[in-house]
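Shown here: final-v9.cif, mmCIF, C-alpha atoms and all ligand atoms.
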data_query
loop_
_atom_site.label_atom_id
_atom_site.label_comp_id
_atom_site.auth_asym_id
_atom_site.auth_seq_id
_atom_site.Cartn_x
_atom_site.Cartn_y
_atom_site.Cartn_z
CA MET A 20 0.76 -13.16 12.34
CA ASN A 21 1.84 -16.63 11.11
CA SER A 22 -1.03 -17.71 8.85
CA LEU A 23 -2.87 -15.42 6.45
CA HIS A 24 -5.57 -18.05 5.98
CA GLY A 25 -8.97 -16.59 6.90
CA LYS A 26 -7.60 -13.07 7.35
CA ASN A 27 -9.39 -10.12 5.75
CA VAL A 28 -7.04 -7.68 4.06
CA VAL A 29 -7.81 -4.22 2.61
CA ILE A 30 -5.26 -3.18 -0.03
CA THR A 31 -5.35 0.31 -1.51
CA GLY A 32 -4.02 0.90 -5.02
CA ALA A 33 -4.72 -2.70 -5.98
CA SER A 34 -5.78 -2.48 -9.64
CA LYS A 35 -2.22 -2.93 -10.93
CA GLY A 36 1.43 -2.98 -9.92
CA LEU A 37 2.36 -4.03 -6.39
CA GLY A 38 -1.20 -3.72 -5.03
CA ALA A 39 -2.64 -6.20 -7.57
CA ALA A 40 0.30 -8.54 -6.97
CA LEU A 41 -0.28 -8.36 -3.20
CA ALA A 42 -3.95 -9.22 -3.73
CA ASP A 43 -2.82 -12.30 -5.67
CA SER A 44 -0.14 -13.41 -3.17
CA LEU A 45 -2.29 -12.88 -0.09
CA SER A 46 -5.46 -14.43 -1.51
CA ALA A 47 -3.39 -17.43 -2.68
CA ARG A 48 -2.62 -17.97 1.02
CA GLY A 49 -6.30 -18.02 1.92
CA ALA A 50 -6.84 -14.36 2.78
CA THR A 51 -9.97 -12.55 1.63
CA VAL A 52 -8.88 -9.38 -0.14
CA VAL A 53 -10.66 -6.05 -0.59
CA LEU A 54 -9.09 -4.07 -3.41
CA VAL A 55 -9.38 -0.27 -3.64
CA ALA A 56 -8.49 1.88 -6.68
CA ARG A 57 -10.04 4.74 -8.63
CA HIS A 58 -10.62 3.22 -12.07
CA GLU A 59 -13.48 0.74 -11.81
CA LYS A 60 -12.87 -1.19 -15.03
CA ALA A 61 -9.25 -2.06 -14.22
CA LEU A 62 -10.24 -2.88 -10.65
CA ASP A 63 -13.07 -5.19 -11.79
CA GLU A 64 -10.68 -7.02 -14.12
CA VAL A 65 -8.28 -7.78 -11.26
CA VAL A 66 -11.10 -8.83 -8.91
CA ASN A 67 -12.68 -11.06 -11.57
CA ALA A 68 -9.32 -12.67 -12.39
CA LEU A 69 -8.83 -13.51 -8.70
CA ARG A 70 -12.36 -14.93 -8.41
CA ALA A 71 -11.76 -17.03 -11.53
CA LYS A 72 -8.88 -18.62 -9.59
CA GLY A 73 -11.29 -19.42 -6.75
CA ARG A 74 -10.08 -16.62 -4.49
CA LYS A 75 -12.24 -14.46 -2.22
CA ALA A 76 -11.92 -10.91 -3.58
CA PHE A 77 -13.98 -7.71 -3.58
CA GLY A 78 -13.45 -4.33 -5.22
CA ILE A 79 -14.22 -0.83 -3.98
CA PRO A 80 -13.76 1.90 -6.59
CA ALA A 81 -12.64 4.94 -4.61
CA ASP A 82 -10.04 7.68 -4.38
CA VAL A 83 -8.10 7.47 -1.11
CA ALA A 84 -7.41 11.21 -1.31
CA ASP A 85 -11.13 12.01 -1.22
CA LYS A 86 -12.26 12.71 2.34
CA ASP A 87 -15.85 11.71 1.62
CA SER A 88 -14.70 8.27 0.40
CA THR A 89 -13.11 7.26 3.71
CA HIS A 90 -16.24 6.06 5.45
CA ARG A 91 -17.60 4.61 2.20
CA ILE A 92 -14.46 2.46 1.93
CA SER A 93 -14.55 1.37 5.58
CA GLY A 94 -18.33 0.80 5.51
CA LEU A 95 -18.24 -1.22 2.29
CA ALA A 96 -15.25 -3.24 3.49
CA ALA A 97 -17.15 -4.09 6.70
CA ALA A 98 -20.22 -5.08 4.66
CA MET A 99 -18.11 -7.25 2.35
CA VAL A 100 -15.86 -9.06 4.83
CA GLY A 101 -16.85 -7.98 8.34
CA ARG A 102 -13.68 -7.68 10.42
CA VAL A 103 -10.59 -6.10 8.77
CA ASP A 104 -7.40 -7.80 10.01
CA VAL A 105 -4.82 -6.12 7.79
CA LEU A 106 -4.81 -2.68 6.14
CA ILE A 107 -2.16 -2.09 3.46
CA HIS A 108 -1.59 1.52 2.40
CA ASN A 109 -0.16 0.94 -1.06
CA ALA A 110 -1.92 3.54 -3.28
CA SER A 111 0.42 6.37 -4.06
CA THR A 112 1.08 9.22 -6.45
CA LEU A 113 4.34 10.75 -7.65
CA GLY A 114 2.67 14.08 -8.35
CA PRO A 115 3.23 15.66 -11.76
CA VAL A 116 5.59 13.84 -14.11
CA PRO A 117 8.20 14.38 -15.42
CA LEU A 118 9.42 14.75 -11.85
CA ARG A 119 10.69 18.23 -11.07
CA SER A 120 12.80 20.10 -8.56
CA LEU A 121 11.14 21.42 -5.41
CA LEU A 122 11.52 25.02 -6.60
CA ASP A 123 9.58 24.08 -9.74
CA THR A 124 6.90 22.25 -7.70
CA GLU A 125 3.62 24.11 -7.23
CA CYS A 126 2.45 24.22 -3.60
CA GLU A 127 -0.89 22.79 -4.77
CA ASP A 128 0.91 19.81 -6.31
CA LEU A 129 2.78 19.15 -3.05
CA ALA A 130 -0.54 19.37 -1.17
CA ALA A 131 -2.17 16.93 -3.60
CA VAL A 132 0.68 14.41 -3.17
CA LEU A 133 0.33 14.67 0.62
CA GLU A 134 -3.47 14.15 0.37
CA THR A 135 -3.04 10.86 -1.53
CA ASN A 136 0.08 9.50 0.17
CA LEU A 137 -0.34 10.76 3.75
CA VAL A 138 -3.63 12.38 4.76
CA GLY A 139 -5.93 9.95 2.92
CA PRO A 140 -4.20 6.89 4.40
CA PHE A 141 -4.35 8.55 7.84
CA ARG A 142 -8.11 9.00 7.49
CA LEU A 143 -8.57 5.38 6.44
CA THR A 144 -6.42 4.15 9.32
CA LYS A 145 -8.56 6.17 11.75
CA ALA A 146 -11.69 4.62 10.24
CA LEU A 147 -10.44 1.01 10.39
CA VAL A 148 -8.01 0.70 13.29
CA GLY A 149 -10.46 1.19 16.19
CA PRO A 150 -11.98 -2.30 15.95
CA MET A 151 -8.45 -3.77 15.60
CA ALA A 152 -7.46 -2.10 18.87
CA LEU A 153 -10.63 -3.32 20.60
CA ARG A 154 -9.91 -6.89 19.45
CA LYS A 155 -6.21 -6.42 20.32
CA ASP A 156 -5.36 -7.82 16.91
CA GLY A 157 -4.54 -6.19 13.59
CA THR A 158 -1.81 -5.04 11.25
CA VAL A 159 -1.30 -1.79 9.35
CA VAL A 160 1.30 -1.74 6.56
CA HIS A 161 2.60 1.47 5.00
CA ILE A 162 4.30 0.90 1.66
CA SER A 163 7.16 3.36 1.72
CA SER A 164 10.11 4.02 -0.57
CA ASP A 165 13.83 4.63 -0.44
CA ALA A 166 12.88 8.19 -1.49
CA ALA A 167 11.71 8.58 2.15
CA VAL A 168 15.28 8.38 3.43
CA GLU A 169 17.48 9.47 0.49
CA GLY A 170 17.64 13.04 -0.79
CA TYR A 171 17.08 12.26 -4.48
CA ALA A 172 16.88 15.38 -6.68
CA ASN A 173 13.39 15.81 -8.19
CA TRP A 174 11.73 13.37 -5.76
CA GLY A 175 10.95 16.05 -3.14
CA ALA A 176 7.14 15.99 -2.97
CA TYR A 177 6.87 12.19 -3.16
CA GLY A 178 9.88 11.67 -0.86
CA ALA A 179 8.51 14.09 1.76
CA SER A 180 5.15 12.30 1.70
CA LYS A 181 6.81 8.91 2.19
CA ALA A 182 9.09 10.20 4.99
CA ALA A 183 6.06 11.70 6.75
CA GLY A 184 4.18 8.43 6.22
CA ASP A 185 7.03 6.48 7.82
CA GLN A 186 7.02 8.74 10.88
CA LEU A 187 3.22 8.74 11.16
CA HIS A 188 3.20 4.95 11.21
CA ARG A 189 6.19 4.76 13.59
CA VAL A 190 4.28 6.90 16.09
CA LEU A 191 1.08 4.93 15.49
CA ALA A 192 3.03 1.76 16.31
CA ALA A 193 4.14 3.24 19.64
CA GLU A 194 0.61 4.40 20.44
CA LEU A 195 -0.97 1.05 19.54
CA SER A 196 1.63 -1.28 21.02
CA ALA A 197 -0.46 -1.93 24.14
CA ALA A 198 -3.51 -2.49 21.95
CA GLY A 199 -1.91 -5.38 20.09
CA VAL A 200 -1.95 -3.67 16.69
CA GLN A 201 1.23 -4.01 14.62
CA VAL A 202 2.27 -1.15 12.35
CA ILE A 203 5.08 -1.62 9.81
CA ASN A 204 6.79 0.54 7.18
CA VAL A 205 7.92 -1.48 4.17
CA ASP A 206 10.35 -0.40 1.46
CA PRO A 207 9.41 -2.57 -1.54
CA GLY A 208 12.49 -1.70 -3.61
CA GLU A 209 12.44 -0.76 -7.28
CA MET A 210 9.79 -2.58 -9.33
CA ASP A 211 8.82 -2.75 -12.97
CA THR A 212 5.48 -0.91 -12.74
CA ASP A 213 3.67 2.01 -14.36
CA MET A 214 4.78 4.26 -11.51
CA HIS A 215 8.43 3.42 -12.12
CA ARG A 216 7.99 3.93 -15.89
CA ASP A 217 6.33 7.31 -15.26
CA ALA A 218 9.21 8.41 -13.00
CA LEU A 219 12.18 6.90 -14.83
CA PRO A 220 11.13 5.93 -18.38
CA GLU A 221 14.74 5.27 -19.39
CA ALA A 222 15.25 2.57 -16.71
CA ASP A 223 16.05 -0.93 -17.94
CA PRO A 224 13.18 -3.19 -16.76
CA LYS A 225 15.65 -6.07 -16.46
CA THR A 226 17.24 -4.25 -13.50
CA LEU A 227 13.89 -4.06 -11.67
CA LYS A 228 12.02 -6.64 -9.66
CA THR A 229 8.59 -7.78 -10.72
CA PRO A 230 5.75 -6.68 -8.42
CA ALA A 231 4.84 -10.37 -8.05
CA ARG A 232 8.28 -11.17 -6.59
CA VAL A 233 8.05 -8.26 -4.12
CA ALA A 234 4.47 -9.19 -3.18
CA GLU A 235 5.63 -12.73 -2.33
CA SER A 236 8.31 -11.25 -0.05
CA ILE A 237 5.74 -9.05 1.70
CA ALA A 238 3.38 -12.00 2.11
CA ARG A 239 6.21 -13.97 3.75
CA MET A 240 6.99 -10.94 5.92
CA LEU A 241 3.36 -10.85 7.14
CA GLU A 242 3.55 -14.55 7.96
CA ASP A 243 6.77 -14.01 9.94
CA GLY A 244 5.86 -13.96 13.64
CA ALA A 245 9.11 -12.09 14.41
CA LEU A 246 8.07 -8.75 12.88
CA VAL A 247 8.80 -5.79 15.16
CA SER A 248 5.99 -3.22 15.23
CA GLY A 249 7.27 0.29 14.42
CA SER A 250 10.15 -1.01 12.32
CA ARG A 251 11.00 0.00 8.77
CA VAL A 252 11.83 -3.08 6.76
CA ALA A 253 12.99 -3.90 3.25
CA ALA A 254 10.76 -6.40 1.45
CA ALA A 255 13.95 -7.93 0.03
CA ASN A 256 14.78 -9.26 3.52
CA TRP A 257 12.00 -11.81 3.06
CA GLU A 258 13.04 -12.94 -0.41
CA ARG A 259 13.29 -16.67 -0.74
CA ALA A 260 16.82 -17.70 -1.59
CA SER A 261 16.80 -19.23 -5.09
N1 LIG A 301 7.49 0.96 -8.47
C1 LIG A 301 8.54 1.20 -7.71
O1 LIG A 301 9.70 1.05 -8.13
C2 LIG A 301 8.35 1.63 -6.26
C3 LIG A 301 9.50 1.88 -5.51
C4 LIG A 301 9.35 2.25 -4.17
C5 LIG A 301 8.07 2.36 -3.63
N2 LIG A 301 6.97 2.12 -4.41
C6 LIG A 301 5.67 2.21 -3.78
O2 LIG A 301 4.97 1.00 -4.01
C7 LIG A 301 3.55 1.25 -4.05
C8 LIG A 301 2.95 0.65 -5.31
O3 LIG A 301 3.53 1.31 -6.42
P1 LIG A 301 3.36 0.76 -7.92
O4 LIG A 301 4.67 1.01 -8.56
O5 LIG A 301 2.75 -0.58 -7.91
O6 LIG A 301 2.31 1.83 -8.48
P2 LIG A 301 1.37 1.77 -9.78
O7 LIG A 301 1.75 0.65 -10.69
O8 LIG A 301 1.36 3.16 -10.32
O9 LIG A 301 -0.07 1.42 -9.19
C9 LIG A 301 -0.68 2.34 -8.32
C10 LIG A 301 -2.03 1.81 -7.88
O10 LIG A 301 -2.60 2.76 -6.99
C11 LIG A 301 -3.88 3.17 -7.47
N3 LIG A 301 -4.07 4.56 -7.04
C12 LIG A 301 -3.32 5.63 -7.35
N4 LIG A 301 -3.83 6.73 -6.79
C13 LIG A 301 -4.91 6.34 -6.07
C14 LIG A 301 -5.87 7.01 -5.27
N5 LIG A 301 -5.81 8.34 -5.10
N6 LIG A 301 -6.86 6.29 -4.68
C15 LIG A 301 -6.94 4.96 -4.85
N7 LIG A 301 -6.06 4.26 -5.61
C16 LIG A 301 -5.07 4.95 -6.21
C17 LIG A 301 -3.81 2.94 -8.98
O11 LIG A 301 -5.09 2.75 -9.57
P3 LIG A 301 -6.02 3.97 -10.06
O12 LIG A 301 -5.15 4.86 -10.91
O13 LIG A 301 -7.14 3.32 -10.81
O14 LIG A 301 -6.49 4.65 -8.81
C18 LIG A 301 -3.03 1.64 -9.02
O15 LIG A 301 -3.88 0.55 -8.73
C19 LIG A 301 3.40 2.77 -3.93
O16 LIG A 301 3.15 3.12 -2.59
C20 LIG A 301 4.77 3.29 -4.35
O17 LIG A 301 5.04 4.54 -3.80
C21 LIG A 301 7.09 1.77 -5.71
#
Can I see the file as structure tokens?
Amino acid sequence: MNSLHGKNVVITGASKGLGAALADSLSARGATVVLVARHEKALDEVVNALRAKGRKAFGIPADVADKDSTHRISGLAAAMVGRVDVLIHNASTLGPVPLRSLLDTECEDLAAVLETNLVGPFRLTKALVGPMALRKDGTVVHISSDAAVEGYANWGAYGASKAAGDQLHRVLAAELSAAGVQVINVDPGEMDTDMHRDALPEADPKTLKTPARVAESIARMLEDGALVSGSRVAAANWERAS
């Protein structure tokens, strides 16, 4: 993609953690960012903080798991910025915490995790990717997890949703390769966020990366013209040596 300047980026789950950090890193590079999250007050605070820095930012309070919100999100994003160049599926749920074994996981809880982490993002992709394909230009990023590829005890519902998300986006990449739309799965690595605290409250934050550091790596990844559509990449590969 090379430059993010002038690009319009929709980021789900952007009121805190990695999503808010991505909004900061990408808008600092001249992108206009559309932030989606459920809780309006927290979302407004992030949007207002970006605008106070002179960035172009908009907020859409919405639940990505809610089918009826899909076209509201895509319609509002179009009204706010017009063309969407980059869609980042970052919003995610662990399901009930403390995390539990699969045999102790209710089927309804598994279904709810899949709605937020897989089906909702799929709906939003379907709503936004058509114009990208027509323009032969666009990027879809799925924020994945090492839980998609490792069999960690008690991470079954979340891990299954992330593994399915990886495969969904791998296939999408193959289907959209002729249409010039790039689709990438990104493992951000462990970060000091609310999600990590909810999952592993005993973890030492000093062993975790800040979301800002990971967001900078992902921003550099998006600027890297050598990205291979359909690949699964670690954000750490784009860390600046320091
Ligand atoms: N933290 C880690 O160590 C780690 C490791 C590997 C992968 N990841 C992945 O990295 C991504 C970001 O994680 P994070 O740690 O930054 O999470 P986080 O701090 O918990 O933030 C999650 C964000 O998503 C929003 N969100 C949650 N459910 C939503 C829904 N249904 N609709 C719309 N927005 C929703 C939250 O706001 P609202 O509650 O207001 O909606 C919040 O803005 C996730 O995909 C996660 O799976 C994280």
Fill in: Shell of 9 Å around ligand LIG 301 (chain A) (only C-alpha atoms and all ligand atoms), written as number ranges by chain
A: 31-40, 54-62, 80-85, 108-113, 134-136, 139, 161-166, 177, 181, 205-218, 227-228, 230
Restricting it to C-alpha atoms, dump the selection as a compact mmCIF listing (two decimals), keeping the file's coordinate frame.
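Resulting contents of again.txt:
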# COMPACT_ATOMS: atom_id res chain seq x y z
CA THR A 31 -5.35 0.31 -1.51
CA GLY A 32 -4.02 0.90 -5.02
CA ALA A 33 -4.72 -2.70 -5.98
CA SER A 34 -5.78 -2.48 -9.64
CA LYS A 35 -2.22 -2.93 -10.93
CA GLY A 36 1.43 -2.98 -9.92
CA LEU A 37 2.36 -4.03 -6.39
CA GLY A 38 -1.20 -3.72 -5.03
CA ALA A 39 -2.64 -6.20 -7.57
CA ALA A 40 0.30 -8.54 -6.97
CA LEU A 54 -9.09 -4.07 -3.41
CA VAL A 55 -9.38 -0.27 -3.64
CA ALA A 56 -8.49 1.88 -6.68
CA ARG A 57 -10.04 4.74 -8.63
CA HIS A 58 -10.62 3.22 -12.07
CA GLU A 59 -13.48 0.74 -11.81
CA LYS A 60 -12.87 -1.19 -15.03
CA ALA A 61 -9.25 -2.06 -14.22
CA LEU A 62 -10.24 -2.88 -10.65
CA PRO A 80 -13.76 1.90 -6.59
CA ALA A 81 -12.64 4.94 -4.61
CA ASP A 82 -10.04 7.68 -4.38
CA VAL A 83 -8.10 7.47 -1.11
CA ALA A 84 -7.41 11.21 -1.31
CA ASP A 85 -11.13 12.01 -1.22
CA HIS A 108 -1.59 1.52 2.40
CA ASN A 109 -0.16 0.94 -1.06
CA ALA A 110 -1.92 3.54 -3.28
CA SER A 111 0.42 6.37 -4.06
CA THR A 112 1.08 9.22 -6.45
CA LEU A 113 4.34 10.75 -7.65
CA GLU A 134 -3.47 14.15 0.37
CA THR A 135 -3.04 10.86 -1.53
CA ASN A 136 0.08 9.50 0.17
CA GLY A 139 -5.93 9.95 2.92
CA HIS A 161 2.60 1.47 5.00
CA ILE A 162 4.30 0.90 1.66
CA SER A 163 7.16 3.36 1.72
CA SER A 164 10.11 4.02 -0.57
CA ASP A 165 13.83 4.63 -0.44
CA ALA A 166 12.88 8.19 -1.49
CA TYR A 177 6.87 12.19 -3.16
CA LYS A 181 6.81 8.91 2.19
CA VAL A 205 7.92 -1.48 4.17
CA ASP A 206 10.35 -0.40 1.46
CA PRO A 207 9.41 -2.57 -1.54
CA GLY A 208 12.49 -1.70 -3.61
CA GLU A 209 12.44 -0.76 -7.28
CA MET A 210 9.79 -2.58 -9.33
CA ASP A 211 8.82 -2.75 -12.97
CA THR A 212 5.48 -0.91 -12.74
CA ASP A 213 3.67 2.01 -14.36
CA MET A 214 4.78 4.26 -11.51
CA HIS A 215 8.43 3.42 -12.12
CA ARG A 216 7.99 3.93 -15.89
CA ASP A 217 6.33 7.31 -15.26
CA ALA A 218 9.21 8.41 -13.00
CA LEU A 227 13.89 -4.06 -11.67
CA LYS A 228 12.02 -6.64 -9.66
CA PRO A 230 5.75 -6.68 -8.42
Practice prompt. For atom CA of Thr158 of chain A and atom CA of Asp63 of chain A, quote the distance in Å rounded to one decimal.
Written response: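 Taking atom CA of Thr158 of chain A as the start and atom CA of Asp63 of chain A as the end point, the length is 25.6 Å.
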Worksheet item: What does the distance from atom CA of Ile237 of chain A to atom CA of Val159 of chain A come to in Å, to one decimal?
Response: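 For atom CA of Ile237 of chain A relative to atom CA of Val159 of chain A, the distance reads 12.7 Å.
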Item to complete: Could you check which of A:Val252, A:Ile203, A:Ala130, A:Leu23 is closest to Arg189 of chain A, using all atoms listed in the file?
Response: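 Closest to Arg189 of chain A of all the choices is A:Ile203.
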Fill in: Counting only C-alpha atoms, the residue of A:Glu258, A:Asp123, A:Asp87, A:Asp43 that sits nearest Asn67 of chain A
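Closest to Asn67 of chain A of all the choices is A:Asp43.
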Item to complete: Would you please work out which residue, of A:Ser93, A:Arg259, A:Leu147, A:Ala176, is nearest to Leu121 of chain A when using only C-alpha atoms?
Response: A:Ala176
Fill in: Best match for closeness to Val233 of chain A among A:Gln186, A:Thr51, A:Ser44, A:Thr124, counting only C-alpha atoms
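Ranked by minimum distance to Val233 of chain A, first place goes to A:Ser44.
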Once you add 8 Å to each side, what are the centre and edge lengths of the axis-aligned box holding all listed atoms of segment 146-158 of chain A? One decimal in Å, as AutoDock Vina command-line options, if you can.
--center_x -6.9 --center_y -1.6 --center_z 15.4 --size_x 26.2 --size_y 28.4 --size_z 26.4
Fill in: Two-atom distance - atom CA of Leu191 of chain A, atom CA of Asp128 of chain A (Å)
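Atom-to-atom, atom CA of Leu191 of chain A and atom CA of Asp128 of chain A are spaced 26.4 Å apart.
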Worksheet item: Can you tell me, as a ChimeraX atom specification, what residues are no more than 7 Å from Arg74 of chain A when counting all atoms listed in the file, ignoring any on the same chain fewer than 2 positions away?
Response: /A:46-47,69-70,72,76
Discussion item. My list of candidates is A:Val52, A:Asn173, A:His188, A:Ala255. Which is closest to Val116 of chain A when distances are computed with all atoms listed in the file?
Written reply: A:Asn173
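Each of A:Asp223, A:Asp156, A:Glu64, A:Glu125 was compared to Leu106 of chain A using all atoms listed in the file, and A:Asp156 turns out to be the nearest.
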Could you please give me, as a compact mmCIF listing (two decimals) with C-alpha atoms, in the frame of the given file, the residues of protein, DNA or RNA lying at most 12 Å from (5.9, -15.4, 7.3) in the coordinate frame of the file, considering all atoms listed in the file?
# COMPACT_ATOMS: atom_id res chain seq x y z
CA MET A 20 0.76 -13.16 12.34
CA ASN A 21 1.84 -16.63 11.11
CA SER A 22 -1.03 -17.71 8.85
CA LEU A 23 -2.87 -15.42 6.45
CA HIS A 24 -5.57 -18.05 5.98
CA LEU A 45 -2.29 -12.88 -0.09
CA ARG A 48 -2.62 -17.97 1.02
CA GLU A 235 5.63 -12.73 -2.33
CA SER A 236 8.31 -11.25 -0.05
CA ILE A 237 5.74 -9.05 1.70
CA ALA A 238 3.38 -12.00 2.11
CA ARG A 239 6.21 -13.97 3.75
CA MET A 240 6.99 -10.94 5.92
CA LEU A 241 3.36 -10.85 7.14
CA GLU A 242 3.55 -14.55 7.96
CA ASP A 243 6.77 -14.01 9.94
CA GLY A 244 5.86 -13.96 13.64
CA ALA A 245 9.11 -12.09 14.41
CA LEU A 246 8.07 -8.75 12.88
CA ALA A 254 10.76 -6.40 1.45
CA ASN A 256 14.78 -9.26 3.52
CA TRP A 257 12.00 -11.81 3.06
CA GLU A 258 13.04 -12.94 -0.41
CA ARG A 259 13.29 -16.67 -0.74
Worksheet item: So which residues touch Val100 of chain A within 12 Å, counting only C-alpha atoms, skipping near sequence neighbours fewer than 4 positions away, as a PyMOL selection string?
Response: chain A and resi 25-29+50-54+75-78+92-96+104-105
Some atoms are absent from segment 158-173 of chain A, so rebuild N, CA and C atoms and return them as an mmCIF file, in the frame of the given file.
data_model
loop_
_atom_site.group_PDB
_atom_site.id
_atom_site.type_symbol
_atom_site.label_atom_id
_atom_site.label_comp_id
_atom_site.auth_asym_id
_atom_site.auth_seq_id
_atom_site.Cartn_x
_atom_site.Cartn_y
_atom_site.Cartn_z
ATOM 1 N N THR A 158 -3.089 -5.454 11.831
ATOM 2 C CA THR A 158 -1.810 -5.040 11.250
ATOM 3 C C THR A 158 -2.070 -3.921 10.247
ATOM 4 N N VAL A 159 -1.254 -2.866 10.331
ATOM 5 C CA VAL A 159 -1.300 -1.790 9.350
ATOM 6 C C VAL A 159 0.071 -1.738 8.667
ATOM 7 N N VAL A 160 0.058 -1.766 7.331
ATOM 8 C CA VAL A 160 1.300 -1.740 6.560
ATOM 9 C C VAL A 160 1.329 -0.472 5.721
ATOM 10 N N HIS A 161 2.397 0.290 5.857
ATOM 11 C CA HIS A 161 2.600 1.470 5.000
ATOM 12 C C HIS A 161 3.674 1.128 3.985
ATOM 13 N N ILE A 162 3.297 1.146 2.701
ATOM 14 C CA ILE A 162 4.300 0.900 1.660
ATOM 15 C C ILE A 162 5.059 2.208 1.427
ATOM 16 N N SER A 163 6.318 2.165 1.777
ATOM 17 C CA SER A 163 7.160 3.360 1.720
ATOM 18 C C SER A 163 8.045 3.313 0.481
ATOM 19 N N SER A 164 9.197 3.933 0.584
ATOM 20 C CA SER A 164 10.110 4.020 -0.570
ATOM 21 C C SER A 164 11.470 4.448 -0.066
ATOM 22 N N ASP A 165 12.507 4.111 -0.829
ATOM 23 C CA ASP A 165 13.830 4.630 -0.440
ATOM 24 C C ASP A 165 13.880 6.149 -0.580
ATOM 25 N N ALA A 166 12.943 6.729 -1.364
ATOM 26 C CA ALA A 166 12.880 8.190 -1.490
ATOM 27 C C ALA A 166 12.488 8.853 -0.160
ATOM 28 N N ALA A 167 12.032 8.046 0.816
ATOM 29 C CA ALA A 167 11.710 8.580 2.150
ATOM 30 C C ALA A 167 12.966 8.891 2.946
ATOM 31 N N VAL A 168 14.058 8.231 2.610
ATOM 32 C CA VAL A 168 15.280 8.380 3.430
ATOM 33 C C VAL A 168 16.462 8.934 2.650
ATOM 34 N N GLU A 169 16.387 8.933 1.318
ATOM 35 C CA GLU A 169 17.480 9.470 0.490
ATOM 36 C C GLU A 169 17.042 10.829 -0.070
ATOM 37 N N GLY A 170 17.980 11.730 -0.238
ATOM 38 C CA GLY A 170 17.640 13.040 -0.790
ATOM 39 C C GLY A 170 17.803 13.079 -2.305
ATOM 40 N N TYR A 171 16.972 12.307 -3.020
ATOM 41 C CA TYR A 171 17.080 12.260 -4.480
ATOM 42 C C TYR A 171 16.551 13.548 -5.095
ATOM 43 N N ALA A 172 17.351 14.198 -5.957
ATOM 44 C CA ALA A 172 16.880 15.380 -6.680
ATOM 45 C C ALA A 172 15.627 15.024 -7.467
ATOM 46 N N ASN A 173 14.654 15.899 -7.446
ATOM 47 C CA ASN A 173 13.390 15.810 -8.190
ATOM 48 C C ASN A 173 12.357 14.864 -7.553
#
